[in-house]
Structure formats: structure tokens, C-alpha cells
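Novice: Got a structure for you, questions after.
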Amino acid sequence: MTSRELYTPGPASGARIHKDGEKWTLIHVRELRHSPEKVWAALTDPAQLSQWAPFDADGNLGIAGAKVSLSTAVTPSAVVSETTVTRADRPRLLEYKWGDFDMRWELEASEQGTRLTLWTNIDRRYIAMGAAGWHICFDVLDHLLSEDPIGRMAGMDSMKFEGWQRLHKEYAKQFGVETPKF
């Protein structure tokens with residue numbers, strides 16, 4: 001069996017939400033066993049993003065002022081959005097927009113390696129879906145950085161994955177939100 005076939009996500013954890021009226025922000029924290037420099041490269045290098053993130057980038061996101069096209073991954077038709085990297089403080093802070101989503105990545109050296117925190121606004125109706133999706137993306141990232149890649153699980157592919165369904169329900173319960181009907 002491959003690592004992907006053996007992969008099962010752990011319980012919903014590390015995520016919380018910040019509510020500001022109708023604007024809700026998902027804050028997802030993950031401890032990674034890798035240095036901030038190694039994690040930074042995975043967050044900014046298009047070749048690495050294509051192995052774990054829910055979008056593809058046509059340029060390096062690690063350069064403040066860089067103009068980059070981001071396109072949704074593993075969807076029937078890609079949605080492309082243009083972004084400008086607003087902050088790139090290597091290897092600590094990265095900010096840009098992905099479509100309507102503000103993306104803020106904070107990297108902090110920790111005893112284990114790096115504490116990675118993602119701050120992103122998500123429509124409150126879909127915030128549990130986003131948390132489940134990022135949870136799986138972070139697992140895939142950890143495998144990639146550990147040189148045991150299991151392949152990207154994003155977009156519609158991740159929603160078909162049994163572990164995503166469980167995570168979606170667990171995060172919805174934690175956040176006190178309804179799960180949308182598909």
C-alpha cells in the first residue's frame with residue numbers, strides 16, 4: 001500500500017474562527033517538523049505549491065510586489081485570479097489575496113520546527129468546509145516536506161475523500177455552524 005492509501009486525517013483540531021459581523025476569518029494553526037525556511041519555500045515556490053495547495057501559482061509568491069496568477073486546482077474548470085503579494089517577510093510572514101480571500105501566513109520557529117498559522121476570510125456558510133480542506137492540505141504539505149509525498153488532495157477531489165466528510169462535520173460542530181447541503 002502507498003502512503004496515500006494509508007492516509008487518514010486526524011481529528012479536527014488547530015482551527016478557530018474570528019467573527020466580525022458578516023466577515024468570518026478562519027485561523028488554522030499547524031505544527032510542522034520542518035524549519036521555517038523549508039516551510040516558506042513550500043508556501044511560495046510554484047513547483048511545491050502544485051503538490052499540496054488548493055491552487056496553482058504561475059510565479060513565486062515570496063517576493064513583495066510580485067504579480068502572480070493563482071488558479072484553483074482539481075476543479076472542473078479552473079478559476080484564475082490575479083494577485084499582488086502585499087507582504088513577503090522571509091521566512092516569517094506572507095500576505096496576498098486569492099480571489100476574494102485574504103491570505104495571511106505566519107511562520108514561527110518552534111521546538112518541533114515551525115508553527116504555521118493561516119488566516120483567511122471565508123464565507124461563514126462554508127467555513128467548516130474550508131477548515132476541512134486546509135486540514136487535509138496541511139497533512140499533504142507535512143508529508144511532502146517529510147519526503148513522503150502522498151499527492152495533492154484539493155478541490156472536488158478532497159470533498160470525495162471520506163476523511164474530508166468527517167472533518168467537515170467535526171469542524172462544523174466545533175464552530176457551531178450548519179453544514180450546507182450539496
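Naming scheme: A, B, ... for chains in displayed order of the C-alpha cells; residues 1 onward per chain; ligands 1 onward as shown.
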For segment 67-70 of chain A, list every protein, DNA or RNA residue within 8 Å, evaluated using only C-alpha atoms, and leave out those in the same chain fewer than 2 positions away; present the list as a count of residues only.

Specialist: 16

Novice: Find the residue from A:Ala88, A:Ala53, A:Ile122, A:Ala12 that sits nearest to Leu107 of chain A; use only C-alpha atoms when measuring.

Specialist: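 Residue with the minimum atom-to-atom distance to Leu107 of chain A: A:Ala88.
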
Novice: If you measure from atom CA of Ala15 of chain A to atom CA of Gln51 of chain A, what distance in Å do you get, rounded to one decimal?

Specialist: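 Taking atom CA of Ala15 of chain A and atom CA of Gln51 of chain A, their separation equals 22.4 Å.
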
Novice: Do you know which residues are at most 10 Å from Ile17 of chain A counting only C-alpha atoms, after dropping those on the same chain fewer than 4 positions away, and could you put them as a ChimeraX atom specification?

Specialist: /A:24-28,119-122,124,127-128,131,174-175

Novice: Filtering to N, CA, C and O atoms, could you give me those residues as a short mmCIF file (atom, residue, chain, number, x, y, z; two decimals), in the first residue's frame?

Specialist:
data_model
loop_
_atom_site.label_atom_id
_atom_site.label_comp_id
_atom_site.auth_asym_id
_atom_site.auth_seq_id
_atom_site.Cartn_x
_atom_site.Cartn_y
_atom_site.Cartn_z
N TRP A 24 -16.11 36.51 8.52
CA TRP A 24 -15.54 35.49 9.39
C TRP A 24 -14.17 35.12 8.87
O TRP A 24 -13.95 35.01 7.65
N THR A 25 -13.25 34.91 9.79
CA THR A 25 -11.89 34.54 9.43
C THR A 25 -11.57 33.18 10.04
O THR A 25 -11.79 32.96 11.24
N LEU A 26 -11.06 32.30 9.21
CA LEU A 26 -10.57 31.01 9.66
C LEU A 26 -9.12 31.19 10.05
O LEU A 26 -8.33 31.76 9.29
N ILE A 27 -8.78 30.73 11.25
CA ILE A 27 -7.40 30.77 11.73
C ILE A 27 -7.02 29.32 11.97
O ILE A 27 -7.59 28.64 12.83
N HIS A 28 -6.09 28.83 11.16
CA HIS A 28 -5.71 27.41 11.21
C HIS A 28 -4.23 27.33 11.56
O HIS A 28 -3.39 27.89 10.87
N TRP A 119 -4.38 32.65 8.22
CA TRP A 119 -5.54 33.50 8.49
C TRP A 119 -6.18 33.74 7.13
O TRP A 119 -5.53 34.27 6.22
N THR A 120 -7.45 33.35 6.95
CA THR A 120 -8.13 33.61 5.70
C THR A 120 -9.62 33.82 5.93
O THR A 120 -10.22 33.13 6.75
N ASN A 121 -10.18 34.80 5.24
CA ASN A 121 -11.61 35.05 5.37
C ASN A 121 -12.36 34.07 4.47
O ASN A 121 -11.94 33.79 3.35
N ILE A 122 -13.43 33.50 5.01
CA ILE A 122 -14.25 32.54 4.27
C ILE A 122 -15.71 32.85 4.61
O ILE A 122 -16.04 33.11 5.77
N ARG A 124 -19.12 32.51 5.93
CA ARG A 124 -19.45 31.71 7.12
C ARG A 124 -20.19 30.42 6.78
O ARG A 124 -20.08 29.44 7.49
N ILE A 127 -17.27 27.94 6.07
CA ILE A 127 -16.05 27.99 6.88
C ILE A 127 -15.62 26.60 7.37
O ILE A 127 -14.44 26.30 7.42
N ALA A 128 -16.56 25.72 7.68
CA ALA A 128 -16.20 24.36 8.09
C ALA A 128 -15.62 23.58 6.91
O ALA A 128 -14.70 22.77 7.08
N ALA A 131 -12.08 24.78 6.57
CA ALA A 131 -11.22 24.21 7.62
C ALA A 131 -10.86 22.77 7.30
O ALA A 131 -9.70 22.36 7.46
N GLN A 174 -17.60 22.10 15.97
CA GLN A 174 -16.74 22.98 16.77
C GLN A 174 -17.09 24.44 16.59
O GLN A 174 -17.08 25.22 17.55
N PHE A 175 -17.41 24.85 15.36
CA PHE A 175 -17.68 26.24 15.06
C PHE A 175 -19.15 26.62 15.31
O PHE A 175 -19.51 27.79 15.25
#

Novice: Tell me, in Å to one decimal, how far atom CA of Arg115 of chain A is from atom CA of Glu31 of chain A.

Specialist: 4.6 Å

Novice: Using backbone DSSP assignments, extract all helix (DSSP H, G or I) residues from segment 77-173 of chain A; output them as a VMD selection string.

Specialist: chain A and resid 124 to 145 155 to 160 162 to 173

Novice: Could you check which of A:Gly99, A:Trp134, A:Glu5, A:Ala66 is closest to Thr86 of chain A, using only C-alpha atoms?

Specialist: A:Ala66

Novice: To one decimal place in Å, what is the distance between atom CA of Ala73 of chain A and atom CA of Leu94 of chain A?

Specialist: 20.6 Å

Novice: Would you kindly return, as a PyMOL selection string, each protein, DNA or RNA residue with an atom no farther than 10 Å from any atom of Trp52 of chain A, considering only C-alpha atoms and excluding same-chain residues fewer than 5 positions away?

Specialist: chain A and resi 42-43+47+73+134+136-144+149-154

Novice: Please give the complete set of residues from segment 10-133 of chain A that DSSP, run on the backbone, assigns to strand (DSSP E or B), formatted as a PyMOL selection string.

Specialist: chain A and resi 15-20+23-32+55-57+67-72+80-84+87-89+93-98+101-109+114-121
